[in-house]
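With mmCIF, C-alpha atoms and all ligand atoms inside, this is entry18.cif:
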data_structure
#
loop_
_atom_site.label_atom_id
_atom_site.label_comp_id
_atom_site.auth_asym_id
_atom_site.auth_seq_id
_atom_site.Cartn_x
_atom_site.Cartn_y
_atom_site.Cartn_z
CA MET A 7 -61.91 156.51 -145.62
CA HIS A 8 -61.95 154.05 -142.75
CA ASP A 9 -65.75 154.01 -142.78
CA LEU A 10 -65.74 153.24 -146.50
CA ILE A 11 -63.23 150.43 -145.94
CA ALA A 12 -65.43 149.01 -143.17
CA ARG A 13 -68.44 149.06 -145.45
CA LEU A 14 -66.61 147.34 -148.32
CA TYR A 15 -64.83 144.82 -146.09
CA PRO A 16 -67.52 142.08 -145.93
CA ILE A 17 -68.04 141.91 -149.72
CA CYS A 18 -66.64 138.85 -151.51
CA ARG A 19 -64.68 140.30 -154.42
CA SER A 20 -62.69 138.48 -157.09
CA ILE A 21 -61.33 139.37 -160.52
CA THR A 22 -64.89 139.15 -161.88
CA GLY A 23 -68.37 138.87 -160.40
CA ASN A 24 -70.98 140.67 -158.39
CA GLY A 25 -68.62 141.55 -155.52
CA VAL A 26 -66.71 143.90 -157.83
CA ARG A 27 -69.99 145.41 -159.10
CA GLU A 28 -71.27 145.94 -155.56
CA THR A 29 -67.95 147.53 -154.56
CA LEU A 30 -67.93 149.90 -157.52
CA ALA A 31 -71.57 150.83 -156.86
CA ILE A 32 -70.63 151.89 -153.31
CA VAL A 33 -67.58 153.84 -154.54
CA GLY A 34 -69.98 155.43 -157.03
CA GLU A 35 -71.93 156.93 -154.14
CA HIS A 36 -68.86 159.08 -153.41
CA VAL A 37 -67.60 159.92 -156.91
CA PRO A 38 -69.27 159.58 -160.34
CA LEU A 39 -67.91 156.38 -161.90
CA GLU A 40 -68.31 155.04 -165.39
CA THR A 41 -68.52 151.26 -165.11
CA VAL A 42 -67.41 149.10 -168.03
CA GLU A 43 -68.42 145.45 -168.56
CA VAL A 44 -66.13 143.43 -170.83
CA PRO A 45 -67.49 140.04 -171.99
CA THR A 46 -65.83 136.73 -171.23
CA GLY A 47 -63.56 135.67 -174.07
CA THR A 48 -62.57 139.22 -175.07
CA LYS A 49 -58.93 139.23 -176.10
CA ALA A 50 -56.52 141.61 -174.37
CA PHE A 51 -52.99 141.30 -175.75
CA ASP A 52 -51.80 137.82 -174.69
CA TRP A 53 -54.75 137.37 -172.32
CA GLU A 54 -58.47 136.75 -172.45
CA VAL A 55 -61.28 137.83 -170.12
CA PRO A 56 -62.05 134.73 -168.03
CA ARG A 57 -65.43 133.33 -167.15
CA GLU A 58 -67.25 135.22 -164.42
CA TRP A 59 -67.15 133.74 -160.95
CA ASN A 60 -69.84 134.14 -158.30
CA ILE A 61 -70.41 132.34 -155.03
CA ARG A 62 -73.44 132.06 -152.75
CA ASP A 63 -72.26 129.72 -150.01
CA ALA A 64 -69.60 127.14 -149.18
CA TYR A 65 -68.81 124.91 -146.25
CA VAL A 66 -67.24 121.74 -144.92
CA SER A 67 -69.34 120.12 -142.24
CA ASP A 68 -69.27 117.11 -139.98
CA ALA A 69 -71.97 115.72 -137.67
CA SER A 70 -71.53 118.67 -135.34
CA GLY A 71 -72.09 121.28 -138.10
CA ARG A 72 -69.94 123.56 -140.25
CA VAL A 73 -66.24 123.28 -139.48
CA ILE A 74 -65.30 125.61 -142.38
CA ASP A 75 -67.85 128.27 -143.25
CA PHE A 76 -67.81 130.80 -146.12
CA ARG A 77 -70.40 132.82 -144.21
CA ARG A 78 -67.93 133.34 -141.38
CA SER A 79 -65.16 134.53 -143.72
CA ASN A 80 -65.14 134.78 -147.50
CA LEU A 81 -61.43 133.92 -147.35
CA SER A 82 -62.51 130.36 -146.40
CA VAL A 83 -62.91 129.45 -150.06
CA VAL A 84 -60.16 129.49 -152.67
CA GLY A 85 -61.13 132.25 -155.11
CA TYR A 86 -62.52 130.91 -158.40
CA SER A 87 -63.32 127.48 -156.89
CA VAL A 88 -65.54 125.43 -159.19
CA PRO A 89 -68.80 124.11 -157.66
CA VAL A 90 -68.55 120.96 -155.54
CA ARG A 91 -71.05 118.85 -153.62
CA ALA A 92 -69.61 115.62 -152.19
CA ARG A 93 -68.95 113.51 -149.13
CA MET A 94 -65.36 112.54 -148.55
CA THR A 95 -62.86 111.42 -145.94
CA LEU A 96 -60.34 113.79 -144.41
CA GLY A 97 -57.67 112.05 -146.51
CA GLU A 98 -59.57 112.87 -149.70
CA LEU A 99 -60.36 116.40 -148.56
CA ARG A 100 -56.87 117.18 -147.27
CA PRO A 101 -55.25 118.13 -150.65
CA HIS A 102 -57.95 120.81 -151.00
CA LEU A 103 -57.26 122.41 -147.61
CA HIS A 104 -54.83 125.35 -147.27
CA SER A 105 -53.42 126.90 -144.13
CA SER A 106 -50.48 129.06 -143.19
CA PRO A 107 -48.26 127.55 -140.48
CA GLU A 108 -46.43 130.91 -140.19
CA GLN A 109 -49.71 132.60 -139.27
CA PRO A 110 -51.40 129.65 -137.52
CA SER A 111 -54.48 131.46 -136.28
CA ALA A 112 -55.25 133.34 -139.52
CA ILE A 113 -57.03 132.19 -142.67
CA PRO A 114 -54.72 132.54 -145.69
CA TYR A 115 -55.93 134.13 -148.96
CA ARG A 116 -55.67 131.82 -151.95
CA THR A 117 -56.97 131.99 -155.50
CA SER A 118 -57.01 129.71 -158.52
CA TYR A 119 -57.94 132.04 -161.35
CA PHE A 120 -56.32 130.35 -164.28
CA SER A 121 -56.55 126.63 -163.42
CA GLU A 122 -59.82 124.92 -162.71
CA SER A 123 -59.87 123.61 -159.13
CA TRP A 124 -61.49 124.08 -155.76
CA GLY A 125 -60.34 124.41 -152.20
CA PHE A 126 -60.82 125.77 -148.71
CA CYS A 127 -58.62 127.91 -146.48
CA LEU A 128 -58.57 127.75 -142.70
CA PRO A 129 -56.35 128.60 -139.75
CA ASP A 130 -53.57 126.06 -139.28
CA VAL A 131 -54.65 125.50 -135.66
CA GLU A 132 -58.06 124.37 -136.95
CA LEU A 133 -56.61 122.26 -139.75
CA VAL A 134 -54.44 120.18 -137.42
CA ALA A 135 -57.42 119.68 -135.10
CA LEU A 136 -59.69 118.15 -137.79
CA ASP A 137 -60.78 114.59 -136.98
CA GLU A 138 -60.44 111.68 -139.33
CA GLY A 139 -63.82 110.68 -140.67
CA GLU A 140 -66.29 111.81 -143.24
CA TYR A 141 -67.14 115.37 -144.24
CA GLU A 142 -69.80 116.99 -146.32
CA VAL A 143 -68.23 119.39 -148.80
CA CYS A 144 -70.21 122.05 -150.61
CA ILE A 145 -69.24 125.00 -152.79
CA GLU A 146 -72.21 126.76 -154.34
CA SER A 147 -70.38 128.76 -156.97
CA THR A 148 -70.87 129.50 -160.63
CA LEU A 149 -68.15 129.88 -163.25
CA GLU A 150 -69.89 130.93 -166.44
CA PRO A 151 -69.62 133.25 -169.42
CA GLY A 152 -70.23 136.74 -168.09
CA HIS A 153 -68.16 139.89 -167.77
CA LEU A 154 -65.13 141.51 -166.21
CA THR A 155 -66.09 144.78 -164.55
CA TYR A 156 -63.95 147.86 -164.10
CA ALA A 157 -64.69 151.53 -163.56
CA GLU A 158 -63.16 154.84 -164.52
CA LEU A 159 -63.47 158.46 -163.54
CA LEU A 160 -61.99 161.32 -165.57
CA LEU A 161 -61.61 164.73 -163.93
CA GLU A 162 -60.84 167.04 -166.82
CA GLY A 163 -58.31 169.80 -166.29
CA GLU A 164 -57.24 172.83 -168.31
CA THR A 165 -54.97 170.58 -170.37
CA ALA A 166 -55.49 167.10 -171.78
CA ASP A 167 -52.29 165.87 -170.10
CA GLU A 168 -53.34 163.14 -167.71
CA VAL A 169 -52.37 161.78 -164.34
CA LEU A 170 -53.34 158.11 -164.08
CA VAL A 171 -54.31 156.80 -160.63
CA SER A 172 -54.97 153.07 -160.55
CA THR A 173 -55.99 150.67 -157.83
CA HIS A 174 -57.03 147.01 -157.77
CA VAL A 175 -60.52 145.96 -156.69
CA CYS A 176 -60.29 142.17 -156.66
CA HIS A 177 -59.49 141.10 -153.09
CA PRO A 178 -62.20 139.78 -150.73
CA SER A 179 -62.12 140.66 -147.02
CA LEU A 180 -58.62 142.13 -146.88
CA ALA A 181 -58.37 145.66 -145.58
CA ASN A 182 -54.94 147.14 -146.24
CA ASP A 183 -54.15 145.21 -149.40
CA ASN A 184 -56.91 146.42 -151.67
CA LEU A 185 -59.53 148.30 -149.66
CA SER A 186 -57.15 151.01 -148.47
CA GLY A 187 -56.21 151.70 -152.09
CA ILE A 188 -59.86 151.85 -153.16
CA ALA A 189 -60.73 154.28 -150.36
CA MET A 190 -57.65 156.41 -151.07
CA ALA A 191 -58.39 156.70 -154.79
CA THR A 192 -62.01 157.54 -153.99
CA PHE A 193 -61.20 160.34 -151.55
CA LEU A 194 -58.33 161.66 -153.65
CA ALA A 195 -60.74 161.91 -156.59
CA ARG A 196 -63.36 163.59 -154.44
CA GLU A 197 -60.88 166.17 -153.18
CA LEU A 198 -59.43 166.85 -156.64
CA SER A 199 -62.93 167.26 -158.09
CA THR A 200 -63.29 170.41 -155.96
CA ARG A 201 -59.98 171.96 -157.04
CA ARG A 202 -58.86 173.95 -160.04
CA ARG A 203 -56.81 171.55 -162.18
CA ARG A 204 -54.20 172.22 -164.83
CA LEU A 205 -53.86 168.48 -165.44
CA SER A 206 -56.61 165.94 -166.04
CA TYR A 207 -56.92 163.01 -163.63
CA ARG A 208 -58.03 159.56 -164.67
CA PHE A 209 -58.89 157.09 -161.92
CA VAL A 210 -59.04 153.39 -162.81
CA PHE A 211 -60.62 150.88 -160.44
CA ALA A 212 -59.90 147.48 -161.98
CA PRO A 213 -59.27 143.91 -160.87
CA GLY A 214 -55.55 143.26 -160.45
CA LEU A 215 -53.49 141.92 -163.36
CA ILE A 216 -56.21 141.01 -165.87
CA GLY A 217 -58.15 144.21 -165.18
CA SER A 218 -55.29 146.58 -165.97
CA ILE A 219 -54.33 144.46 -168.99
CA VAL A 220 -57.91 144.70 -170.29
CA TRP A 221 -58.00 148.46 -169.54
CA LEU A 222 -54.72 149.04 -171.40
CA SER A 223 -55.93 146.98 -174.36
CA ARG A 224 -58.95 149.26 -174.71
CA ASN A 225 -57.15 152.55 -173.99
CA GLU A 226 -54.08 152.74 -176.18
CA ASP A 227 -55.17 156.22 -177.32
CA THR A 228 -55.71 157.41 -173.74
CA VAL A 229 -52.30 156.16 -172.73
CA ALA A 230 -50.62 158.64 -175.08
CA ARG A 231 -51.91 161.45 -172.84
CA VAL A 232 -50.60 159.98 -169.54
CA ARG A 233 -47.80 162.20 -168.23
CA HIS A 234 -47.65 160.85 -164.66
CA GLY A 235 -49.18 157.92 -162.84
CA LEU A 236 -49.48 156.21 -159.50
CA VAL A 237 -50.71 152.80 -158.43
CA LEU A 238 -52.12 152.91 -154.90
CA ALA A 239 -51.93 149.86 -152.62
CA CYS A 240 -51.44 149.15 -148.90
CA VAL A 241 -51.78 152.81 -147.94
CA GLY A 242 -53.52 152.46 -144.56
CA ASP A 243 -51.15 150.64 -142.17
CA ALA A 244 -49.07 152.31 -139.48
CA GLY A 245 -45.76 151.74 -141.29
CA ARG A 246 -43.66 154.32 -143.08
CA THR A 247 -44.43 155.37 -146.64
CA THR A 248 -42.69 153.35 -149.35
CA TYR A 249 -42.49 154.41 -152.98
CA LYS A 250 -41.45 152.20 -155.87
CA ARG A 251 -40.22 154.23 -158.82
CA SER A 252 -41.39 153.78 -162.37
CA ARG A 253 -39.32 151.74 -164.81
CA ARG A 254 -37.75 155.00 -166.07
CA GLY A 255 -36.63 155.73 -162.52
CA ASP A 256 -36.32 159.51 -162.99
CA ALA A 257 -39.79 160.41 -164.23
CA VAL A 258 -41.25 163.64 -162.85
CA VAL A 259 -43.65 161.61 -160.69
CA ASP A 260 -40.72 159.66 -159.23
CA ARG A 261 -38.96 162.91 -158.37
CA ALA A 262 -42.14 164.54 -157.08
CA VAL A 263 -42.92 161.69 -154.68
CA ALA A 264 -39.31 161.48 -153.50
CA HIS A 265 -39.32 165.24 -152.90
CA VAL A 266 -42.55 165.19 -150.89
CA LEU A 267 -41.34 162.25 -148.77
CA ARG A 268 -37.94 163.84 -148.19
CA HIS A 269 -39.58 167.01 -146.91
CA SER A 270 -42.28 165.19 -144.90
CA GLY A 271 -40.13 165.07 -141.78
CA GLN A 272 -40.96 161.37 -141.51
CA ASP A 273 -39.14 158.14 -142.17
CA TYR A 274 -39.73 156.79 -145.70
CA GLU A 275 -38.20 154.59 -148.37
CA CYS A 276 -37.87 154.94 -152.14
CA ARG A 277 -37.11 151.80 -154.11
CA ASP A 278 -36.19 151.08 -157.68
CA PHE A 279 -38.64 149.53 -160.08
CA THR A 280 -39.12 145.78 -160.12
CA PRO A 281 -41.33 143.94 -162.62
CA PHE A 282 -43.46 142.36 -159.90
CA GLY A 283 -45.99 143.83 -157.50
CA TYR A 284 -49.27 145.39 -158.59
CA ASP A 285 -50.51 146.83 -161.87
CA GLU A 286 -47.47 149.06 -162.34
CA ARG A 287 -46.11 145.87 -163.93
CA GLN A 288 -48.48 146.33 -166.86
CA TYR A 289 -48.23 150.14 -167.10
CA ASN A 290 -44.42 149.84 -167.10
CA SER A 291 -44.26 146.99 -169.62
CA PRO A 292 -41.91 147.99 -172.45
CA GLY A 293 -44.71 148.47 -174.98
CA PHE A 294 -46.18 151.22 -172.77
CA ASP A 295 -43.32 152.32 -170.48
CA LEU A 296 -45.61 154.75 -168.69
CA PRO A 297 -44.19 156.85 -165.84
CA VAL A 298 -46.27 155.07 -163.20
CA GLY A 299 -44.91 154.42 -159.70
CA LEU A 300 -46.32 152.45 -156.79
CA PHE A 301 -47.29 154.39 -153.68
CA MET A 302 -47.58 152.30 -150.50
CA ARG A 303 -46.91 152.27 -146.80
CA THR A 304 -45.60 148.81 -145.79
CA PRO A 305 -45.10 146.94 -149.06
CA HIS A 306 -47.13 143.87 -150.01
CA GLY A 307 -45.67 140.73 -148.53
CA GLU A 308 -43.67 142.63 -145.91
CA TYR A 309 -46.23 142.84 -143.10
CA ALA A 310 -47.22 139.78 -141.10
CA GLU A 311 -50.95 140.15 -141.79
CA TYR A 312 -50.50 140.33 -145.60
CA HIS A 313 -52.85 138.04 -147.55
CA THR A 314 -54.45 136.58 -144.44
CA SER A 315 -57.62 137.23 -142.47
CA ALA A 316 -55.44 139.23 -140.06
CA ASP A 317 -55.31 142.03 -142.69
CA ASN A 318 -58.50 143.32 -141.12
CA LEU A 319 -60.01 146.63 -140.07
CA THR A 320 -57.54 147.04 -137.21
CA VAL A 321 -54.54 147.07 -139.58
CA VAL A 322 -55.79 150.17 -141.39
CA ARG A 323 -55.73 153.28 -139.22
CA PRO A 324 -57.59 156.50 -139.88
CA GLU A 325 -54.52 158.61 -139.08
CA ALA A 326 -52.34 156.60 -141.49
CA LEU A 327 -54.96 156.96 -144.22
CA ALA A 328 -55.10 160.71 -143.61
CA ASP A 329 -51.30 160.92 -143.72
CA SER A 330 -51.16 159.02 -147.04
CA LEU A 331 -53.85 161.27 -148.53
CA GLY A 332 -51.97 164.39 -147.40
CA LYS A 333 -48.79 163.16 -149.08
CA LEU A 334 -50.61 162.33 -152.29
CA LEU A 335 -52.16 165.80 -152.37
CA ALA A 336 -48.68 167.29 -151.87
CA VAL A 337 -47.47 165.22 -154.85
CA VAL A 338 -50.41 166.53 -156.88
CA ASP A 339 -49.40 170.09 -155.93
CA VAL A 340 -45.92 169.46 -157.35
CA LEU A 341 -47.26 167.93 -160.56
CA GLU A 342 -49.75 170.77 -160.97
CA SER A 343 -47.30 173.64 -160.50
CA ASP A 344 -44.02 172.26 -161.79
CA ARG A 345 -43.11 174.42 -164.79
CA ARG A 346 -40.25 176.45 -166.20
CA TYR A 347 -40.03 180.21 -165.91
CA LEU A 348 -37.89 183.00 -167.34
CA ASN A 349 -36.20 185.61 -165.20
CA LEU A 350 -37.19 188.90 -166.87
CA ASN A 351 -34.30 190.80 -165.21
CA PRO A 352 -31.46 188.31 -165.74
CA LYS A 353 -28.54 190.75 -165.71
CA CYS A 354 -27.52 190.90 -162.04
CA GLU A 355 -30.00 190.48 -159.24
CA PRO A 356 -33.08 192.68 -159.35
CA GLN A 357 -33.74 194.86 -156.30
CA LEU A 358 -36.17 192.81 -154.28
CA GLY A 359 -36.34 195.28 -151.40
CA LYS A 360 -38.01 198.00 -153.41
CA ARG A 361 -40.61 195.49 -154.54
CA GLY A 362 -41.36 194.48 -150.96
CA LEU A 363 -39.91 191.00 -151.39
CA TYR A 364 -36.82 191.26 -149.21
CA ARG A 365 -36.20 192.18 -145.58
CA GLN A 366 -35.73 195.88 -145.27
CA LEU A 367 -32.83 195.80 -142.78
CA GLY A 368 -29.42 194.58 -143.87
CA GLY A 369 -26.79 192.98 -141.67
CA GLY A 370 -29.02 190.53 -139.82
CA LYS A 371 -28.96 186.79 -140.23
CA PRO A 372 -29.24 185.56 -143.81
CA GLY A 373 -32.80 185.27 -144.98
CA GLY A 374 -35.33 182.61 -144.29
CA GLU A 375 -36.39 179.90 -146.70
CA LEU A 376 -38.56 182.21 -148.78
CA GLU A 377 -35.74 184.69 -149.34
CA LEU A 378 -33.42 181.86 -150.37
CA ALA A 379 -36.12 180.52 -152.65
CA LEU A 380 -36.53 183.93 -154.33
CA LEU A 381 -32.82 184.00 -155.15
CA TRP A 382 -32.76 180.40 -156.36
CA VAL A 383 -35.80 180.87 -158.58
CA LEU A 384 -34.33 184.04 -160.11
CA ASN A 385 -30.99 182.38 -160.64
CA LEU A 386 -32.20 179.15 -162.24
CA SER A 387 -35.18 180.50 -164.18
CA ASP A 388 -33.35 180.53 -167.50
CA GLY A 389 -36.03 178.50 -169.26
CA HIS A 390 -34.20 175.22 -168.68
CA HIS A 391 -34.99 174.49 -165.02
CA SER A 392 -38.44 173.67 -163.67
CA LEU A 393 -39.54 174.56 -160.15
CA LEU A 394 -38.94 170.95 -159.11
CA ASP A 395 -35.41 171.11 -160.54
CA ILE A 396 -34.87 174.26 -158.47
CA ALA A 397 -36.36 172.78 -155.30
CA GLU A 398 -34.11 169.73 -155.63
CA ARG A 399 -30.97 171.72 -156.33
CA ALA A 400 -31.67 174.26 -153.56
CA ASP A 401 -32.85 171.53 -151.18
CA LEU A 402 -35.92 173.60 -150.41
CA ASN A 403 -39.50 172.49 -150.02
CA PHE A 404 -41.36 172.71 -153.33
CA ALA A 405 -44.17 174.69 -151.71
CA VAL A 406 -41.71 177.46 -150.73
CA VAL A 407 -40.15 177.52 -154.20
CA ARG A 408 -43.59 177.81 -155.76
CA GLU A 409 -44.53 180.59 -153.35
CA ALA A 410 -41.36 182.45 -154.40
CA ALA A 411 -42.20 181.97 -158.10
CA ASP A 412 -45.75 183.24 -157.51
CA ALA A 413 -44.41 186.32 -155.71
CA LEU A 414 -41.86 187.05 -158.47
CA GLU A 415 -44.51 186.62 -161.15
CA ARG A 416 -46.76 189.11 -159.33
CA VAL A 417 -44.06 191.81 -159.48
CA GLU A 418 -43.29 190.93 -163.12
CA LEU A 419 -39.78 189.66 -162.53
CA LEU A 420 -40.74 186.20 -163.77
CA ALA A 421 -42.86 184.83 -166.60
CA PRO A 422 -43.68 181.28 -167.64
CA ALA A 423 -41.19 180.04 -170.22
CA ASN A 424 -42.52 178.94 -173.60
CA GLY A 425 -45.23 176.40 -172.92
CA GLY A 426 -44.28 176.44 -169.27
CA GLY A 427 -44.19 172.63 -169.03
ZN ZN B 1 -52.84 141.22 -152.82
#
Would you give me this structure, written as structure tokens?
Amino acid sequence: MHDLIARLYPICRSITGNGVRETLAIVGEHVPLETVEVPTGTKAFDWEVPREWNIRDAYVSDASGRVIDFRRSNLSVVGYSVPVRARMTLGELRPHLHSSPEQPSAIPYRTSYFSESWGFCLPDVELVALDEGEYEVCIESTLEPGHLTYAELLLEGETADEVLVSTHVCHPSLANDNLSGIAMATFLARELSTRRRRLSYRFVFAPGLIGSIVWLSRNEDTVARVRHGLVLACVGDAGRTTYKRSRRGDAVVDRAVAHVLRHSGQDYECRDFTPFGYDERQYNSPGFDLPVGLFMRTPHGEYAEYHTSADNLTVVRPEALADSLGKLLAVVDVLESDRRYLNLNPKCEPQLGKRGLYRQLGGGKPGGELELALLWVLNLSDGHHSLLDIAERADLNFAVVREAADALERVELLAPANGGG
């Protein structure tokens, strides 16, 4: 995952343009993607696909050469800047220059998607050092009718019920915010493609905000099949895992993630839904109200490097990426095997010993987790409680509860309840 992030890092992405296409082409080397091009002007609910933005070069130079240089960092130009070629004084240029005094040695990330303007970003220490005098200003960009590009991957399961995994693909050289999510979705998809799946998995790689709005506007039928969903963002830093619940707050995915984090043995945080953040805003809008949470490590805006050039390849760590992927796969395990069963011997406890499921010697210490799980599963499998319900009530790891259910099913003490779901 870190290698993929490193490869994608130099590409200048935005909400439209060739950087997104190049990114999706590279992701497509790992998993089979279907790329969709939506023309400028296409309506999507209250929005419209904007003109496509591309950029070849940009700089501010004085007699000594380039003092701001797009080729050194693609963050140097405000995203969606219109083309400019002019000479101007520092006083004239100054309103177009953006820095971050809180992060004085980093280049801030700025965009101007929905109002026509141009600008440059630079470290505050360089901004305050600029001399009075004349500068040559050049932005070689195009803002023209074109397309918005997104991509999808559907891994079909035994049922049409879908898990939606969505990540944004619109940030330029920022590693944790954006690229970590892209790499995580890619490797999660690759791993799930090799597994037996009860559920179907739909991965959406789309530019933030407008991309998910456009996707939703073209997928109202698909949305009816979404049973669980996760937005992935900022999943590669060293911080603890943070989960933001769906708008419903108690959806199965919310409970599954909380369960996995609680049993991870690590520090974590679960938060309630808020209508800001990433594309969970759109999936959780009242007209859809999809059970989609936001899976992160340190949340957006809460780490010092966020939205600056300091969110670079050193912020994302291979071990943190691996940890996030492991947790997501544990969540998938819960979603895949959470179902309701019926105890086929509900009048008093069945004899587990004679079926080889219980320690043979009485009088010792009470049983281990598996023995407890056997008793809990038998007791609560009345057709009303799912394995996740049981794991929560028994405060046992879901994997142990599932193992107990599998063992009881093998000896015909348990059968899936009607429909099982
Ligand atoms: Zn961002």
Write out as a short mmCIF file (atom, residue, chain, number, x, y, z; two decimals) with C-alpha atoms, in the coordinates of the input each polymer residue whose atoms come within 9 Å of Thr155 of chain A, counting only C-alpha atoms; drop sequence neighbours fewer than 5 positions from it.
data_model
loop_
_atom_site.label_atom_id
_atom_site.label_comp_id
_atom_site.auth_asym_id
_atom_site.auth_seq_id
_atom_site.Cartn_x
_atom_site.Cartn_y
_atom_site.Cartn_z
CA ILE A 21 -61.33 139.37 -160.52
CA THR A 22 -64.89 139.15 -161.88
CA GLY A 23 -68.37 138.87 -160.40
CA ASN A 24 -70.98 140.67 -158.39
CA VAL A 26 -66.71 143.90 -157.83
CA ARG A 27 -69.99 145.41 -159.10
CA LEU A 30 -67.93 149.90 -157.52
CA THR A 41 -68.52 151.26 -165.11
CA VAL A 42 -67.41 149.10 -168.03
CA GLU A 43 -68.42 145.45 -168.56
CA VAL A 44 -66.13 143.43 -170.83
CA PRO A 45 -67.49 140.04 -171.99
CA ALA A 212 -59.90 147.48 -161.98
CA PRO A 213 -59.27 143.91 -160.87
CA GLY A 217 -58.15 144.21 -165.18
#
Closest to Pro56 of chain A among A:Leu348, A:Ile216, A:Ala166, A:Leu81, using only C-alpha atoms?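 When distances to Pro56 of chain A are compared using only C-alpha atoms, the smallest one comes from A:Ile216.
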Pick from A:Ser252, A:Thr95, A:Ser20, A:Thr46 nearest to ligand ZN 1 (chain B), counting all atoms listed in the file: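 Nearest candidate to ligand ZN 1 (chain B) out of A:Ser252, A:Thr95, A:Ser20, A:Thr46: A:Ser20.
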Name each residue within 8 Å of ligand ZN 1 (chain B), counting only C-alpha atoms and all ligand atoms, as a ChimeraX atom specification. /A:177,183-184,284,306,312-313
Residue selection dump (C-alpha atoms) as a PDB file, in the frame of the given file:
ATOM      1  CA  HIS A 177     -59.490 141.100-153.090  1.00  0.00           C
ATOM      2  CA  ASP A 183     -54.150 145.210-149.400  1.00  0.00           C
ATOM      3  CA  ASN A 184     -56.910 146.420-151.670  1.00  0.00           C
ATOM      4  CA  TYR A 284     -49.270 145.390-158.590  1.00  0.00           C
ATOM      5  CA  HIS A 306     -47.130 143.870-150.010  1.00  0.00           C
ATOM      6  CA  TYR A 312     -50.500 140.330-145.600  1.00  0.00           C
ATOM      7  CA  HIS A 313     -52.850 138.040-147.550  1.00  0.00           C
TER       8      HIS A 313
END
Using only C-alpha atoms, which residue out of A:His8, A:Arg116, A:Arg303, A:Arg346 lies closest to Ser87 of chain A?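 Nearest to Ser87 of chain A: A:Arg116.
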Which segment 170-240 of chain A residues have any atom within 8 Å of an atom of segment 48-51 of chain A, and for each, what is the nearest pair of atoms with distance in Å to one decimal, counting all atoms listed in the file, rows sorted by chain and number, as JSON lines?
{"residue": "A:Ile219", "atom": "CA", "partner": "A:Ala50", "partner_atom": "CA", "distance": 6.5}
{"residue": "A:Val220", "atom": "CA", "partner": "A:Ala50", "partner_atom": "CA", "distance": 5.3}
{"residue": "A:Ser223", "atom": "CA", "partner": "A:Ala50", "partner_atom": "CA", "distance": 5.4}
Quick check, in Å to one decimal: how far apart do atom CA of Cys354 of chain A and atom CA of Asn385 of chain A lie?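 Rounded to one decimal, the two atoms are 9.3 Å apart.
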Write out as a PyMOL selection string which residues come within 9 Å of Phe301 of chain A when counting only C-alpha atoms, dropping same-chain ones fewer than 4 positions away. chain A and resi 236-241+247-251+263+330+334
What does the file look like for those residues with C-alpha atoms, as a PDB file, in the coordinates of the input?
ATOM      1  CA  LEU A 236     -49.480 156.210-159.500  1.00  0.00           C
ATOM      2  CA  VAL A 237     -50.710 152.800-158.430  1.00  0.00           C
ATOM      3  CA  LEU A 238     -52.120 152.910-154.900  1.00  0.00           C
ATOM      4  CA  ALA A 239     -51.930 149.860-152.620  1.00  0.00           C
ATOM      5  CA  CYS A 240     -51.440 149.150-148.900  1.00  0.00           C
ATOM      6  CA  VAL A 241     -51.780 152.810-147.940  1.00  0.00           C
ATOM      7  CA  THR A 247     -44.430 155.370-146.640  1.00  0.00           C
ATOM      8  CA  THR A 248     -42.690 153.350-149.350  1.00  0.00           C
ATOM      9  CA  TYR A 249     -42.490 154.410-152.980  1.00  0.00           C
ATOM     10  CA  LYS A 250     -41.450 152.200-155.870  1.00  0.00           C
ATOM     11  CA  ARG A 251     -40.220 154.230-158.820  1.00  0.00           C
ATOM     12  CA  VAL A 263     -42.920 161.690-154.680  1.00  0.00           C
ATOM     13  CA  SER A 330     -51.160 159.020-147.040  1.00  0.00           C
ATOM     14  CA  LEU A 334     -50.610 162.330-152.290  1.00  0.00           C
TER      15      LEU A 334
END
Sphere at (-68.0, 149.4, -155.0), radius 10 Å, counting only C-alpha atoms: residues as a PyMOL selection string: chain A and resi 10+13-14+17+19+24-36+39+157+175+188-189+211
Residue nearest Glu40 of chain A among A:Glu377, A:Glu158, A:Asp344, A:Asp388 (counting all atoms listed in the file):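 Comparing A:Glu377, A:Glu158, A:Asp344, A:Asp388 against Glu40 of chain A, the winner is A:Glu158.
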When you draw a straight line from atom CA of Val258 of chain A to atom CA of Val298 of chain A, how long is it in Å?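 Distance between the two atoms: 9.9 Å.
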Residue neighbourhood Leu319 of chain A, 6 Å, only C-alpha atoms, exclusion window fewer than 2 positions, as a list in words: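 The residues satisfying every condition are Ala181, Val321 and Val322 of chain A.
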Nearest to Ser111 of chain A by atom-to-atom distance, counting only C-alpha atoms, from A:Arg345, A:Ser315, A:Val143, A:Arg365: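 Checking each of A:Arg345, A:Ser315, A:Val143, A:Arg365 against Ser111 of chain A, counting only C-alpha atoms, the winner is A:Ser315.
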Just want the 12 Å neighbourhood of segment 96-105 of chain A, counted on all atoms listed in the file, with same-chain residues fewer than 2 positions away dropped. Output as a PyMOL selection string. chain A and resi 65-68+74+81-84+87+90+92-94+107-118+123-144+313-315
